[in-house]
Amino acid sequence: MNEISITQILFVSTALFFIGMYGLFTRRNMITMLMAIEIILNSVNINFVAFNKYLYPGKLDGVFFTIFIITIAAAEAAMAIAIIINLYRSHHSIDVEDAEEMKY
Amino acid sequence: MHASVIIFYILSAFILGAALLAVTARKIFRSAIFLLFTLIGTAALFFWMGVEFVAAVQIIIYVGGIVVLIIFSIFLTQKSGEEMPKPLRNRSLFSVLALLFGFAFTYHLIYKYRFEQPAPHVFNVKVSDIGTQMLSTTEHGFVLPFEVVSILLLASMIGCIVIAMKIKPMEGNEI
Amino acid sequence: MSPYFFVMLVPLLPLVSFCILGLFGRKYIKTTSGTLGVISLFISALLSLYTAYRYFFIDGKVNGIYQHIIALKYTWLQFSPRVSIDMGILLDPISVMMIVIVSFISLMVHIFSLGYMKGEERFAIYYAFLSLFTFSMLGLVLSSNIFQIYIFWELVGISSFLLIGFYFENPSAVTASNKAFIVTRFADFGFLIGILILAFYSGTLDFGTLIERLTTAGSSQYIDIHSATFLGASMLTWGLGLVFIGGAGKSAMFPLHIWLPDAMEGPTPVSALIHAATMVVAGVFLVARLFPVFSIDLTVLQIVTWVGAFSALFAAVVACTQTDIKRVLAFSTMSQIGFMMFSLGVSKYGGESGLGYTGSMFHLFTHAFFKSLLFLGAGAVIHFAHTNDIRDLGGLRKLMPVTHLSFLIACLAIAGIPPFSGFFSKEDILMAAYHSDKIIYAIAVLTSALTAFYMFRLYYSVFWKRDIHLHDKNHEEGTLSMRLTLVILAVCTAFAGFVPVSSWITSDGAPLESHIDIVFSVFPVLMALTGIGLATYLYKTENRRPQIITSAFGSLYRAAYRKFYIDELYLFITRKIIFNGIGRPAAWFDKNIVDGFMNGLATTTAKISGLIKGLQSGKVQNYALYFFGGIIALAVLFIYVLNY
């Protein structure tokens, strides 16, 4: 087995994605939830690059998407942290279980 | 066995292990550090796939920007060294079950799918190509998304400032 | 374009005045709204008079016969190439006469109200409603087709409702307006079915075409409507009978008269308008409008005759016992309308035998003057003395000389004493009745004697009986506008009988020779004089003779005083039978089944939502988990179950 096939790379990205999902579901601290989201986005980036490299090597679209996703992830992280800090000010906690006023 | 294959396995194990630790560590600071490792591992994977530019961007933005931002906010909101509360047992049980099923299902699909072999072509990403295509206005140019993203970044910057800004209490009436 | 195009302005001016006053009157125009209404009506009346002059003297007559002129025709709704609903203006002798009466009487009422309603808070609204009422009635008489007349018919109903209930703070006014509206509405239902039958069989809505098709023996429509039968009567009889029910409802014929006495709850000038010129004569006008068709169906004519005659006698008897000045006048209206109705009923189409038709229209014409005069006079009395009850009134002849004289003239006119107007029209009616049916003639003479009696009973009770010396000498008889209208109307009442109506308005358009048969007139006039004499004997001075007579009549008097218990009968039918038999079960069904079903639906929804609202926990991660589970489930569904 001399070559790594796309399926193997996809295994890594899929596993990374579900690890991120696990973090998103179970972590109660909002910052760690944000970290989980970053992991998910990373797995998607890996996917894009892998597809570009293995299936459409003559093009660059996957790379572009990766770059845009990284940019947007940066913006998203900044926004999320602003919201978290604001929430911390009003609730004195960043535990999602403490921020559940929006219900029936 | 080829060296690059071994490198791939090592990198994969490193990424997955670091990610797993990042989402399970009980101390938030450690969790952030493991996230850093995950991101660096991903950058290394990009190197391995031959997209050096993306790997560089990944390190500059993620490692240099986002993780620093996260650590910053941890300092702002958390007493370091304190253990985080345990996840709710019911929820972690259900999410593990759901995720395992989801993972099995997804990977089953991927595994069964026969990806078609592309025409032999060298995958060679030159930074100048990326730059040209990014700012080109022809059919495959990305100038419009580029501009949209720049506006998005501006908007999010303003948004962050507005959200995180301390509201001065108005004179005479409490909010 | 027809030279009579300008007639359009006659109904439109009151409409414009209604719109302006209704929209801006209360806030901006206020007290000048009366002047505005009077001006618009004045122009309208002038135009009507000019129309009448032109129609009767210049170009209405072709070959000695008055023509039907379509002054305006505009297709409003085109249903199919053959059937359309038009808006138009039809001019023929009766509609020309009617616009003159309506606009003139309405003008008088407008002027009178300037004084009568002075200081009323809703003065502008009052004038707006008056204008609307006038507009509806003018539109009704000018209608060129059966659908248009129905629209205006309903407009008359709604505007009378508004005016009768004008003092809506007063519960009895609200009840009265509801009563008037519901009773006439009920009758209008018959009217609607009637016109639908007629229109269906004749295949047209236009009056001219409809009359021509249904009266030409041998035309296909004529054969159709005669051959189709329902419950033993031909469809023509049904259609006309139902139309007559509508007319009877508006004209307060027995047994649909119950709204009329209560309709006096409105302001008195409105009663004058309703009774004299607008609402109640609508029914007579309708029968007259369709008279060529009515005249070929003897069954319906018999119904018209007997309903009219019975109403006339019934109302006259009731009027003798009433003590409310307006109520007496209301029943006298019903009685006079009964005269017009049976006069139409005994008439035939064409030539000298159409005398009843002419008499009816003539009586409508004269009645409009003396009845409006009576009501406005009564209004002046009420305005002066602040009471309606004739037992509290008396001796007003010195205090109100103008009112007194004009009221006397009107009483003489309605009693049929020559040379006042009522004499001439009544003579025509009696003559027609005499030549047609002796029983009807007897009823008519008896009724006119009773009419003379109760009118003079009213007259003596109000103006003689006893001498009152009001301490307040500054008490005016009424404003100038009120006295002016009374004088104008008194002059008209005195001389309207000399208008040669019989040579203008006939069933077929050809003039009729006017004939006053002196020998024939002696008996009715003697009867009327007897009635007057009896009233003089009983009521001129205060004495105990009326009490003796009433106690002699005993139960009959009480029954008449209670209006023969017709109202109670209606109440019994509606309360006991309809409410208990239909209303209660329907209410039960509505409350328990319909509402129960809806409530059950609501309760079930509330319960279910109570059960599932726990899902809306506010915990973000739970939402994320549900979301993820949903996506997985959908993916499995699409990929493995549905095999996409």
# chains A, B, ... in the order shown; residues from 1 in each chain; ligands from 1

$ interface_residues --of "chain C" --to "chain A" --cutoff "7 Å" --atoms "only C-alpha atoms" --output "list in words"
Lys613, Gln616, Ser617, Gly618, Lys619, Gln621 and Leu625 of chain C

$ write_last_selection --atoms "C-alpha atoms" --output "compact mmCIF listing (two decimals), in the first residue's frame"
# COMPACT_ATOMS: atom_id res chain seq x y z
CA LYS C 613 -43.86 22.23 25.33
CA GLN C 616 -38.89 23.83 24.07
CA SER C 617 -36.54 23.70 27.02
CA GLY C 618 -34.28 26.62 26.24
CA LYS C 619 -31.28 24.31 26.36
CA GLN C 621 -27.55 21.65 23.14
CA LEU C 625 -29.14 17.10 19.40

$ closest_atom_pairs --of "chain B" --to "chain A" --cutoff "7 Å" --atoms "only C-alpha atoms" --output "tab-separated table"
residue	atom	partner	partner_atom	distance
B:Met1	CA	A:Asn2	CA	6.1
B:His2	CA	A:Asn2	CA	5.5
B:Val5	CA	A:Ile4	CA	6.2
B:Ser12	CA	A:Val12	CA	6.3
B:Leu16	CA	A:Leu16	CA	6.2
B:Ala19	CA	A:Ile19	CA	6.9
B:Leu20	CA	A:Ile19	CA	6.3
B:Val23	CA	A:Gly23	CA	4.9
B:Leu35	CA	A:Met35	CA	6.9
B:Val54	CA	A:Ile67	CA	6.8
B:Ile66	CA	A:Ala74	CA	6.3
B:Ser73	CA	A:Ile81	CA	6.9
B:Thr77	CA	A:Tyr88	CA	6.9
B:Pro87	CA	A:Thr26	CA	5.5
B:Arg91	CA	A:Thr26	CA	6.8
B:Ser92	CA	A:Thr26	CA	5.7
B:Ser95	CA	A:Phe25	CA	6.6
B:Val96	CA	A:Tyr22	CA	6.9
B:Leu99	CA	A:Phe18	CA	6.3
B:Phe103	CA	A:Phe18	CA	6.6
B:Tyr107	CA	A:Phe11	CA	6.9
B:Ile110	CA	A:Thr7	CA	6.8
B:Tyr111	CA	A:Thr7	CA	6.5
B:Gln117	CA	A:Leu55	CA	6.9
B:Pro118	CA	A:Leu55	CA	5.5
B:His121	CA	A:Pro57	CA	6.0
B:Val122	CA	A:Pro57	CA	6.5
B:Phe123	CA	A:Pro57	CA	4.8
B:Leu153	CA	A:Ala75	CA	5.9
B:Ser156	CA	A:Ala75	CA	6.0
B:Cys160	CA	A:Ala82	CA	5.3
B:Ile163	CA	A:Ala82	CA	6.1
B:Ala164	CA	A:Ala82	CA	5.1

$ write_last_selection --atoms "C-alpha atoms" --output "JSON list (two decimals), in the first residue's frame"
[["chain", "number", "residue", "atom", "x", "y", "z"],
["B", 1, "MET", "CA", 5.76, 1.12, 3.11],
["B", 2, "HIS", "CA", 6.19, 4.57, 1.71],
["B", 5, "VAL", "CA", 2.02, 6.96, 4.15],
["B", 12, "SER", "CA", -3.99, 11.46, 11.52],
["B", 16, "LEU", "CA", -7.71, 12.80, 16.14],
["B", 19, "ALA", "CA", -9.14, 16.70, 19.03],
["B", 20, "LEU", "CA", -10.51, 14.02, 21.33],
["B", 23, "VAL", "CA", -13.32, 18.08, 23.62],
["B", 35, "LEU", "CA", -7.23, 22.61, 20.14],
["B", 54, "VAL", "CA", -3.45, 26.99, 2.81],
["B", 66, "ILE", "CA", -8.39, 32.45, 16.72],
["B", 73, "SER", "CA", -11.51, 35.23, 26.36],
["B", 77, "THR", "CA", -14.21, 34.91, 31.82],
["B", 87, "PRO", "CA", -21.32, 16.96, 31.10],
["B", 91, "ARG", "CA", -27.07, 13.88, 27.19],
["B", 92, "SER", "CA", -23.57, 12.51, 26.72],
["B", 95, "SER", "CA", -25.01, 12.09, 21.90],
["B", 96, "VAL", "CA", -22.41, 9.31, 21.91],
["B", 99, "LEU", "CA", -22.77, 10.28, 16.87],
["B", 103, "PHE", "CA", -20.31, 8.22, 12.00],
["B", 107, "TYR", "CA", -18.40, 6.36, 6.70],
["B", 110, "ILE", "CA", -18.09, 7.01, 1.87],
["B", 111, "TYR", "CA", -16.56, 3.58, 1.95],
["B", 117, "GLN", "CA", -10.18, 8.26, -11.03],
["B", 118, "PRO", "CA", -9.33, 11.65, -12.44],
["B", 121, "HIS", "CA", -2.71, 15.73, -13.65],
["B", 122, "VAL", "CA", -0.18, 17.14, -11.30],
["B", 123, "PHE", "CA", -1.71, 18.86, -8.33],
["B", 153, "LEU", "CA", -15.24, 40.92, 7.95],
["B", 156, "SER", "CA", -18.38, 41.45, 11.96],
["B", 160, "CYS", "CA", -18.11, 42.74, 17.74],
["B", 163, "ILE", "CA", -21.93, 43.87, 21.09],
["B", 164, "ALA", "CA", -19.02, 43.87, 23.45]]

$ interface_residues --of "chain C" --to "chain B" --cutoff "8 Å" --atoms "only C-alpha atoms" --output "MDAnalysis selection string"
chainID C and resid 622 625 629 632

$ residues_around --residues "Ala187 (chain C)" --least-positions-apart "6" --cutoff "6 Å" --atoms "only C-alpha atoms" --output "PyMOL selection string"
chain C and resi 245-246+249

$ residues_around --residues "Leu408 (chain C)" --least-positions-apart "2" --cutoff "12 Å" --atoms "only C-alpha atoms" --output "PyMOL selection string"
chain C and resi 370+373-374+377-378+397+401-406+410-415+417+420+452+455-460+462-464+486-487+490+493-494+532

$ write_last_selection --atoms "N, CA and C atoms" --output "mmCIF file, in the first residue's frame"
data_model
loop_
_atom_site.group_PDB
_atom_site.id
_atom_site.type_symbol
_atom_site.label_atom_id
_atom_site.label_comp_id
_atom_site.auth_asym_id
_atom_site.auth_seq_id
_atom_site.Cartn_x
_atom_site.Cartn_y
_atom_site.Cartn_z
ATOM 1 N N PHE C 370 -101.798 67.243 2.018
ATOM 2 C CA PHE C 370 -102.470 67.455 3.300
ATOM 3 C C PHE C 370 -101.871 66.629 4.415
ATOM 4 N N LEU C 373 -98.853 68.411 5.608
ATOM 5 C CA LEU C 373 -99.321 69.573 6.364
ATOM 6 C C LEU C 373 -99.770 69.161 7.762
ATOM 7 N N LEU C 374 -100.519 68.053 7.827
ATOM 8 C CA LEU C 374 -100.982 67.592 9.141
ATOM 9 C C LEU C 374 -99.806 67.254 10.040
ATOM 10 N N GLY C 377 -97.945 70.324 11.000
ATOM 11 C CA GLY C 377 -98.745 71.036 11.993
ATOM 12 C C GLY C 377 -98.642 70.365 13.349
ATOM 13 N N ALA C 378 -98.748 69.031 13.341
ATOM 14 C CA ALA C 378 -98.597 68.301 14.598
ATOM 15 C C ALA C 378 -97.217 68.555 15.179
ATOM 16 N N ARG C 397 -106.025 77.257 19.660
ATOM 17 C CA ARG C 397 -106.341 78.003 18.438
ATOM 18 C C ARG C 397 -105.939 79.462 18.527
ATOM 19 N N PRO C 401 -102.336 80.649 15.769
ATOM 20 C CA PRO C 401 -103.334 80.887 14.718
ATOM 21 C C PRO C 401 -102.959 80.291 13.365
ATOM 22 N N VAL C 402 -101.691 80.393 12.991
ATOM 23 C CA VAL C 402 -101.291 79.886 11.671
ATOM 24 C C VAL C 402 -101.452 78.377 11.626
ATOM 25 N N THR C 403 -100.939 77.736 12.645
ATOM 26 C CA THR C 403 -101.044 76.288 12.709
ATOM 27 C C THR C 403 -102.505 75.865 12.715
ATOM 28 N N HIS C 404 -103.271 76.565 13.480
ATOM 29 C CA HIS C 404 -104.681 76.230 13.600
ATOM 30 C C HIS C 404 -105.372 76.255 12.253
ATOM 31 N N LEU C 405 -105.182 77.333 11.535
ATOM 32 C CA LEU C 405 -105.869 77.471 10.245
ATOM 33 C C LEU C 405 -105.402 76.419 9.248
ATOM 34 N N SER C 406 -104.092 76.252 9.179
ATOM 35 C CA SER C 406 -103.593 75.294 8.200
ATOM 36 C C SER C 406 -104.028 73.879 8.553
ATOM 37 N N ALA C 410 -106.240 71.259 6.291
ATOM 38 C CA ALA C 410 -105.825 69.888 6.026
ATOM 39 C C ALA C 410 -106.896 68.903 6.458
ATOM 40 N N CYS C 411 -107.532 69.174 7.607
ATOM 41 C CA CYS C 411 -108.577 68.277 8.086
ATOM 42 C C CYS C 411 -109.751 68.262 7.127
ATOM 43 N N LEU C 412 -110.122 69.439 6.637
ATOM 44 C CA LEU C 412 -111.224 69.498 5.681
ATOM 45 C C LEU C 412 -110.860 68.752 4.405
ATOM 46 N N ALA C 413 -109.601 68.880 4.011
ATOM 47 C CA ALA C 413 -109.163 68.205 2.791
ATOM 48 C C ALA C 413 -109.221 66.699 2.953
ATOM 49 N N ILE C 414 -108.724 66.210 4.065
ATOM 50 C CA ILE C 414 -108.691 64.749 4.238
ATOM 51 C C ILE C 414 -110.101 64.213 4.432
ATOM 52 N N ALA C 415 -110.992 65.053 4.989
ATOM 53 C CA ALA C 415 -112.363 64.598 5.174
ATOM 54 C C ALA C 415 -113.119 64.584 3.854
ATOM 55 N N ILE C 417 -114.134 67.394 1.997
ATOM 56 C CA ILE C 417 -115.125 68.455 1.892
ATOM 57 C C ILE C 417 -114.747 69.348 0.707
ATOM 58 N N PHE C 420 -111.855 71.537 -1.154
ATOM 59 C CA PHE C 420 -110.461 71.229 -0.831
ATOM 60 C C PHE C 420 -110.010 69.990 -1.593
ATOM 61 N N ALA C 452 -113.372 61.557 8.539
ATOM 62 C CA ALA C 452 -113.802 62.900 8.930
ATOM 63 C C ALA C 452 -113.964 62.978 10.431
ATOM 64 N N MET C 455 -110.481 62.789 12.324
ATOM 65 C CA MET C 455 -109.647 63.961 12.077
ATOM 66 C C MET C 455 -110.177 65.165 12.855
ATOM 67 N N PHE C 456 -111.507 65.274 12.898
ATOM 68 C CA PHE C 456 -112.039 66.424 13.629
ATOM 69 C C PHE C 456 -111.995 66.208 15.132
ATOM 70 N N ARG C 457 -112.041 64.947 15.530
ATOM 71 C CA ARG C 457 -111.808 64.665 16.945
ATOM 72 C C ARG C 457 -110.429 65.186 17.354
ATOM 73 N N LEU C 458 -109.456 64.896 16.492
ATOM 74 C CA LEU C 458 -108.100 65.360 16.755
ATOM 75 C C LEU C 458 -108.043 66.883 16.748
ATOM 76 N N TYR C 459 -108.690 67.446 15.725
ATOM 77 C CA TYR C 459 -108.656 68.900 15.558
ATOM 78 C C TYR C 459 -109.250 69.595 16.781
ATOM 79 N N TYR C 460 -110.430 69.122 17.203
ATOM 80 C CA TYR C 460 -111.071 69.774 18.342
ATOM 81 C C TYR C 460 -110.283 69.549 19.619
ATOM 82 N N VAL C 462 -107.194 69.229 19.994
ATOM 83 C CA VAL C 462 -105.956 69.999 20.075
ATOM 84 C C VAL C 462 -106.241 71.493 20.163
ATOM 85 N N PHE C 463 -107.183 71.945 19.357
ATOM 86 C CA PHE C 463 -107.314 73.397 19.243
ATOM 87 C C PHE C 463 -108.505 73.993 20.001
ATOM 88 N N TRP C 464 -109.476 73.161 20.374
ATOM 89 C CA TRP C 464 -110.628 73.715 21.087
ATOM 90 C C TRP C 464 -110.680 73.160 22.489
ATOM 91 N N LEU C 486 -95.921 75.850 6.676
ATOM 92 C CA LEU C 486 -97.329 75.535 6.918
ATOM 93 C C LEU C 486 -98.225 76.323 5.967
ATOM 94 N N VAL C 487 -97.877 77.588 5.771
ATOM 95 C CA VAL C 487 -98.715 78.404 4.890
ATOM 96 C C VAL C 487 -98.641 77.893 3.456
ATOM 97 N N ALA C 490 -100.549 74.777 3.151
ATOM 98 C CA ALA C 490 -101.985 74.996 3.264
ATOM 99 C C ALA C 490 -102.546 75.493 1.939
ATOM 100 N N THR C 493 -102.653 72.577 -0.345
ATOM 101 C CA THR C 493 -103.715 71.657 0.031
ATOM 102 C C THR C 493 -105.063 72.182 -0.442
ATOM 103 N N ALA C 494 -105.237 73.477 -0.304
ATOM 104 C CA ALA C 494 -106.524 74.041 -0.685
ATOM 105 C C ALA C 494 -106.753 73.953 -2.185
ATOM 106 N N ILE C 532 -118.099 64.888 10.839
ATOM 107 C CA ILE C 532 -117.612 66.132 11.434
ATOM 108 C C ILE C 532 -118.565 66.607 12.514
#

$ atom_distance --atom1 "CA of Ala124 (chain C)" --atom2 "CA of Gly22 (chain C)"
7.4 Å

$ select_by_dssp --residues "region 317-525 of chain C" --states "alpha helix (DSSP H)" --output "JSON, numbers by chain"
{"C": [317, 318, 319, 320, 321, 325, 326, 327, 328, 329, 330, 331, 332, 333, 334, 335, 336, 337, 338, 339, 340, 341, 342, 343, 344, 345, 346, 355, 356, 357, 358, 359, 360, 361, 362, 363, 364, 365, 366, 367, 368, 369, 370, 371, 372, 373, 374, 375, 376, 377, 378, 379, 380, 381, 382, 383, 384, 385, 401, 402, 403, 404, 405, 406, 407, 408, 409, 410, 411, 412, 413, 414, 415, 421, 422, 423, 424, 425, 426, 427, 428, 429, 430, 431, 432, 433, 434, 435, 436, 438, 439, 440, 441, 442, 443, 444, 445, 446, 447, 448, 449, 450, 451, 452, 453, 454, 455, 456, 457, 458, 459, 460, 461, 462, 463, 480, 481, 482, 483, 484, 485, 486, 487, 488, 489, 490, 491, 492, 493, 494, 495, 501, 502, 503, 504, 518, 519, 520, 521, 522, 523, 524, 525]}

$ closest_residue --among "C:Ala309, C:Leu290, C:Phe135, C:Ser177" --to "Gly194 (chain C)" --atoms "only C-alpha atoms"
C:Leu290
